[in-house]
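Presented below is the structure to which this report refers.
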Amino acid sequence: MRKTSMETHRRQQMADITERVQAAVEAAGIEQGLAVVYAPHTTAGITVNEGTDPHVERDILATLAQLVPTDGSYAHAEGNSDAHVKATLVGNSVTLMVNEGRLALGTWQRLFLFEGDGPRRRRVWVEVVNSRP
Amino acid sequence: MRKTSMETHRRQQMADITERVQAAVEAAGIEQGLAVVYAPHTTAGITVNEGTDPHVERDILATLAQLVPTDGSYAHAEGNSDAHVKATLVGNSVTLMVNEGRLALGTWQRLFLFEGDGPRRRRVWVEVVNSRP
Amino acid sequence: MRKTSMETHRRQQMADITERVQAAVEAAGIEQGLAVVYAPHTTAGITVNEGTDPHVERDILATLAQLVPTDGSYAHAEGNSDAHVKATLVGNSVTLMVNEGRLALGTWQRLFLFEGDGPRRRRVWVEVVNSRP
């Protein structure tokens with residue numbers, strides 16, 4: 001398992017982690033297989049979406065905020081209940097494919113850490129498995 | 001990695017891809033392990049749900065449309081912002097188990113490509129890893 | 001593949017399955033790799049979230065109930081359409097990492113079966129793959 005960490009800068013944010021995950025996959029040295037990207041948190045997630053137009057990230061965050069408002073009526077008293085719910089909706093990991101030693105992504109796909117309760121330090125774990133051992 | 005592609009027929013659709021993924025898994029020739037099914041897109045996803053009653057597919061699409069309306073107020077100017085958001089909510093891959101050379105699905109489970117911005121040609125990638133190498 | 005099953009006790013519930021999945025992973029006897037946890041159902045899911053404060057589970061269920069009401073207008077006539085939609089939003093599996101023979105979870109993370117249409121008997125499947133074969 002390879003571990004990396006980063007600072008997020010806003011309460012809610014989509015942070016592009018494609019390059020650091022790519023680097024972890026290349027360092028693992030497999031040719032063909034899977035790469036799992038995992039956030040060991042309960043108020044953050046991992047997702048794949050478009051990274052070219054930053055409006056897409058904004059629309060994702062704004063829609064999540066409408067569906068699960070920060071100031072909604074919640075039982076959990078820490079003020080971050082919305083982020084827990086969003087973490088379950090977004091999911092806390094993604095599984096990607098590795099092809100010829102690199103992440104196999106679609107043309108427009110980038111990999112994001114979804115931050116739901118920042119700013120703070122977040123960790124991302126990457127594990128690869130070889131499909132041609 | 002095995003690649004397949006298909007045409008979708010409506011703007012929003014749940015396309016049953018169970019048989020083509022089953023065929024890819026059988027062609028891979030492993031007995032026991034995992035099969036990852038991946039959509040290399042940012043306005044489509046992959047999900048498991050009931051396939052017997054087509055009303056379930058309709059309810060999923062209708063609910064997603066209520067939660068994330070196509071004509072909502074979005075920053076991204078391509079008219080498909082809702083599909084980007086839905087792709088993150090649905091997720092762009094699933095991981096299934098392979099048992100005795102075939103997909104291990106629950107009694108009512110079928111595998112679907114969620115189309116959020118069709119009709120268009122969509123690709124689905126399948127990678128298997130052997131748990132008994 | 002290791003199979004386990006359990007009774008849920010309410011229509012909607014977050015059931016902590018961390019210990020039973022931990023036991024399945026330890027029984028599998030790998031040191032390093034992945035563990036996939038899979039619900040072979042279409043009205044239940046698997047998710048990772050906080051388990052220390054039970055209010056978090058309640059907030060997740062209450063928010064899902066607001067977004068996808070049980071008594072909404074649905075085409076599927078079995079009275080559990082909301083649970084099908086929630087299963088797709090939550091997702092029916094998670095992929096975790098195995099480190100030194102045990103599940104690698106974040107400090108606050110616990111693993112949950114999301115029950116959307118209980119009470120009933122639910123099955124959970126666990127498969128592990130070794131990343132250092």
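Following the order of the structure tokens, first chain is A, next is B, and so on, with residues numbered from 1 inside each chain and ligands from 1 in the order they appear.
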
Apply DSSP to the backbone of this structure and, from chain A, keep only the residues in helix (DSSP H, G or I); write these as a ChimeraX atom specification.
-> /A:18-28,54-67,81-90

Within 12 Å of region 8-13 of chain A using only C-alpha atoms, minus same-chain residues under 5 positions, as a ChimeraX atom specification = /A:43-47,54,56-65,69-70,79-80,82-83,86-87,112-123

Selected residues written out with N, CA and C atoms, as an mmCIF file, in the first residue's frame:
```cif
data_model
loop_
_atom_site.group_PDB
_atom_site.id
_atom_site.type_symbol
_atom_site.label_atom_id
_atom_site.label_comp_id
_atom_site.auth_asym_id
_atom_site.auth_seq_id
_atom_site.Cartn_x
_atom_site.Cartn_y
_atom_site.Cartn_z
ATOM 1 N N THR A 43 -15.552 11.848 6.069
ATOM 2 C CA THR A 43 -16.175 13.081 5.558
ATOM 3 C C THR A 43 -15.493 13.530 4.262
ATOM 4 N N ALA A 44 -14.930 12.560 3.547
ATOM 5 C CA ALA A 44 -14.303 12.821 2.253
ATOM 6 C C ALA A 44 -14.571 11.612 1.373
ATOM 7 N N GLY A 45 -14.313 11.732 0.095
ATOM 8 C CA GLY A 45 -14.531 10.613 -0.803
ATOM 9 C C GLY A 45 -13.577 10.676 -1.983
ATOM 10 N N ILE A 46 -13.712 9.702 -2.872
ATOM 11 C CA ILE A 46 -12.909 9.669 -4.092
ATOM 12 C C ILE A 46 -13.881 9.496 -5.255
ATOM 13 N N THR A 47 -13.676 10.245 -6.326
ATOM 14 C CA THR A 47 -14.553 10.097 -7.487
ATOM 15 C C THR A 47 -13.795 10.411 -8.771
ATOM 16 N N PRO A 54 -13.389 23.535 -14.954
ATOM 17 C CA PRO A 54 -13.588 23.581 -13.490
ATOM 18 C C PRO A 54 -15.042 23.831 -13.091
ATOM 19 N N VAL A 56 -17.428 21.997 -13.889
ATOM 20 C CA VAL A 56 -18.006 20.692 -13.539
ATOM 21 C C VAL A 56 -17.818 20.420 -12.058
ATOM 22 N N GLU A 57 -16.609 20.684 -11.539
ATOM 23 C CA GLU A 57 -16.380 20.495 -10.111
ATOM 24 C C GLU A 57 -17.321 21.363 -9.291
ATOM 25 N N ARG A 58 -17.488 22.616 -9.719
ATOM 26 C CA ARG A 58 -18.378 23.527 -9.004
ATOM 27 C C ARG A 58 -19.815 23.023 -9.019
ATOM 28 N N ASP A 59 -20.253 22.500 -10.176
ATOM 29 C CA ASP A 59 -21.636 21.999 -10.260
ATOM 30 C C ASP A 59 -21.836 20.781 -9.354
ATOM 31 N N ILE A 60 -20.844 19.928 -9.273
ATOM 32 C CA ILE A 60 -20.954 18.756 -8.397
ATOM 33 C C ILE A 60 -21.075 19.211 -6.947
ATOM 34 N N LEU A 61 -20.202 20.119 -6.529
ATOM 35 C CA LEU A 61 -20.247 20.592 -5.142
ATOM 36 C C LEU A 61 -21.547 21.338 -4.841
ATOM 37 N N ALA A 62 -21.995 22.170 -5.787
ATOM 38 C CA ALA A 62 -23.218 22.953 -5.558
ATOM 39 C C ALA A 62 -24.437 22.037 -5.483
ATOM 40 N N THR A 63 -24.470 21.007 -6.334
ATOM 41 C CA THR A 63 -25.619 20.091 -6.301
ATOM 42 C C THR A 63 -25.613 19.284 -5.015
ATOM 43 N N LEU A 64 -24.450 18.797 -4.618
ATOM 44 C CA LEU A 64 -24.368 18.070 -3.345
ATOM 45 C C LEU A 64 -24.821 18.967 -2.188
ATOM 46 N N ALA A 65 -24.461 20.255 -2.241
ATOM 47 C CA ALA A 65 -24.844 21.176 -1.168
ATOM 48 C C ALA A 65 -26.350 21.408 -1.145
ATOM 49 N N PRO A 69 -27.844 19.843 2.629
ATOM 50 C CA PRO A 69 -27.381 21.160 3.088
ATOM 51 C C PRO A 69 -26.578 21.081 4.392
ATOM 52 N N THR A 70 -25.551 21.913 4.464
ATOM 53 C CA THR A 70 -24.708 21.954 5.659
ATOM 54 C C THR A 70 -25.517 22.320 6.892
ATOM 55 N N GLY A 79 -21.479 19.404 13.461
ATOM 56 C CA GLY A 79 -21.567 20.394 12.398
ATOM 57 C C GLY A 79 -21.071 19.914 11.052
ATOM 58 N N ASN A 80 -20.758 18.619 10.951
ATOM 59 C CA ASN A 80 -20.289 18.093 9.671
ATOM 60 C C ASN A 80 -21.116 16.893 9.203
ATOM 61 N N ASP A 82 -23.529 16.796 7.132
ATOM 62 C CA ASP A 82 -23.683 16.790 5.673
ATOM 63 C C ASP A 82 -22.502 16.086 5.007
ATOM 64 N N ALA A 83 -21.318 16.301 5.541
ATOM 65 C CA ALA A 83 -20.125 15.699 4.928
ATOM 66 C C ALA A 83 -20.133 14.178 5.088
ATOM 67 N N LYS A 86 -22.587 12.927 2.442
ATOM 68 C CA LYS A 86 -21.998 13.058 1.097
ATOM 69 C C LYS A 86 -20.911 12.003 0.864
ATOM 70 N N ALA A 87 -20.168 11.684 1.920
ATOM 71 C CA ALA A 87 -19.120 10.656 1.771
ATOM 72 C C ALA A 87 -19.724 9.331 1.331
ATOM 73 N N PHE A 112 -10.463 12.589 -8.458
ATOM 74 C CA PHE A 112 -10.612 13.663 -7.471
ATOM 75 C C PHE A 112 -10.777 13.115 -6.053
ATOM 76 N N LEU A 113 -10.140 13.815 -5.119
ATOM 77 C CA LEU A 113 -10.536 13.701 -3.725
ATOM 78 C C LEU A 113 -11.690 14.676 -3.533
ATOM 79 N N PHE A 114 -12.821 14.157 -3.050
ATOM 80 C CA PHE A 114 -13.916 15.039 -2.646
ATOM 81 C C PHE A 114 -13.713 15.392 -1.175
ATOM 82 N N GLU A 115 -13.531 16.665 -0.903
ATOM 83 C CA GLU A 115 -13.402 17.160 0.474
ATOM 84 C C GLU A 115 -14.765 17.673 0.926
ATOM 85 N N GLY A 116 -15.271 17.141 2.037
ATOM 86 C CA GLY A 116 -16.584 17.551 2.522
ATOM 87 C C GLY A 116 -16.538 18.363 3.800
ATOM 88 N N ASP A 117 -15.382 18.368 4.465
ATOM 89 C CA ASP A 117 -15.295 19.049 5.769
ATOM 90 C C ASP A 117 -13.894 19.608 6.000
ATOM 91 N N GLY A 118 -13.409 20.358 4.998
ATOM 92 C CA GLY A 118 -12.080 20.942 5.091
ATOM 93 C C GLY A 118 -12.148 22.360 5.636
ATOM 94 N N PRO A 119 -11.018 23.079 5.549
ATOM 95 C CA PRO A 119 -9.732 22.561 5.077
ATOM 96 C C PRO A 119 -9.043 21.714 6.143
ATOM 97 N N ARG A 120 -8.333 20.702 5.691
ATOM 98 C CA ARG A 120 -7.558 19.857 6.605
ATOM 99 C C ARG A 120 -6.621 18.934 5.816
ATOM 100 N N ARG A 121 -5.790 18.229 6.548
ATOM 101 C CA ARG A 121 -4.881 17.282 5.895
ATOM 102 C C ARG A 121 -5.648 16.002 5.609
ATOM 103 N N ARG A 122 -5.559 15.511 4.384
ATOM 104 C CA ARG A 122 -6.246 14.290 3.981
ATOM 105 C C ARG A 122 -5.234 13.267 3.471
ATOM 106 N N ARG A 123 -5.503 12.027 3.749
ATOM 107 C CA ARG A 123 -4.653 10.947 3.266
ATOM 108 C C ARG A 123 -5.339 10.188 2.131
#
```

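Every chain B residue lying within 6 Å of chain A, based on only C-alpha atoms, is listed here: Pro40, His41, Thr42, Tyr74, Ala75, His76, Val85, Leu89 and Val129 of chain B.
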
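The residues of region 9-38 of chain C that DSSP assigns to strand (DSSP E or B) on this backbone come out as Gln13, Met14, Ala15, Asp16, Gln32, Gly33, Leu34, Ala35, Val36, Val37 and Tyr38 of chain C.
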
Distance query Leu111 (chain A) at most 6 Å, only C-alpha atoms, self and fewer than 6 positions along chain excluded, as a PyMOL selection string = chain A and resi 16-18+48

Output the selection as a PDB file, in the first residue's frame - N, CA and C atoms for each residue.
```
ATOM      1  N   ASP A  16      -7.890  17.592  -7.528  1.00  0.00           N
ATOM      2  CA  ASP A  16      -7.403  16.677  -8.567  1.00  0.00           C
ATOM      3  C   ASP A  16      -6.177  15.924  -8.054  1.00  0.00           C
ATOM      4  N   ILE A  17      -6.303  14.595  -7.922  1.00  0.00           N
ATOM      5  CA  ILE A  17      -5.196  13.778  -7.404  1.00  0.00           C
ATOM      6  C   ILE A  17      -4.661  12.816  -8.469  1.00  0.00           C
ATOM      7  N   THR A  18      -4.990  13.096  -9.731  1.00  0.00           N
ATOM      8  CA  THR A  18      -4.604  12.168 -10.803  1.00  0.00           C
ATOM      9  C   THR A  18      -3.093  11.957 -10.851  1.00  0.00           C
ATOM     10  N   VAL A  48     -14.340   9.934  -9.861  1.00  0.00           N
ATOM     11  CA  VAL A  48     -13.810  10.196 -11.194  1.00  0.00           C
ATOM     12  C   VAL A  48     -14.794  11.120 -11.900  1.00  0.00           C
TER      13      VAL A  48
END
```

re CA of Ala39 (chain C) and CA of Glu19 (chain C): distance 16.0 Å

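Taking CA of Met6 (chain C) and CA of Val36 (chain C) as endpoints, the distance between them is 17.8 Å.
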
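Excluding Glu127 (chain A) itself and same-chain residues fewer than 6 positions from it, the residues having an atom within 7 Å of it are Met1, Arg2, Ala35, Val36 and Val37 of chain A, counting only C-alpha atoms.
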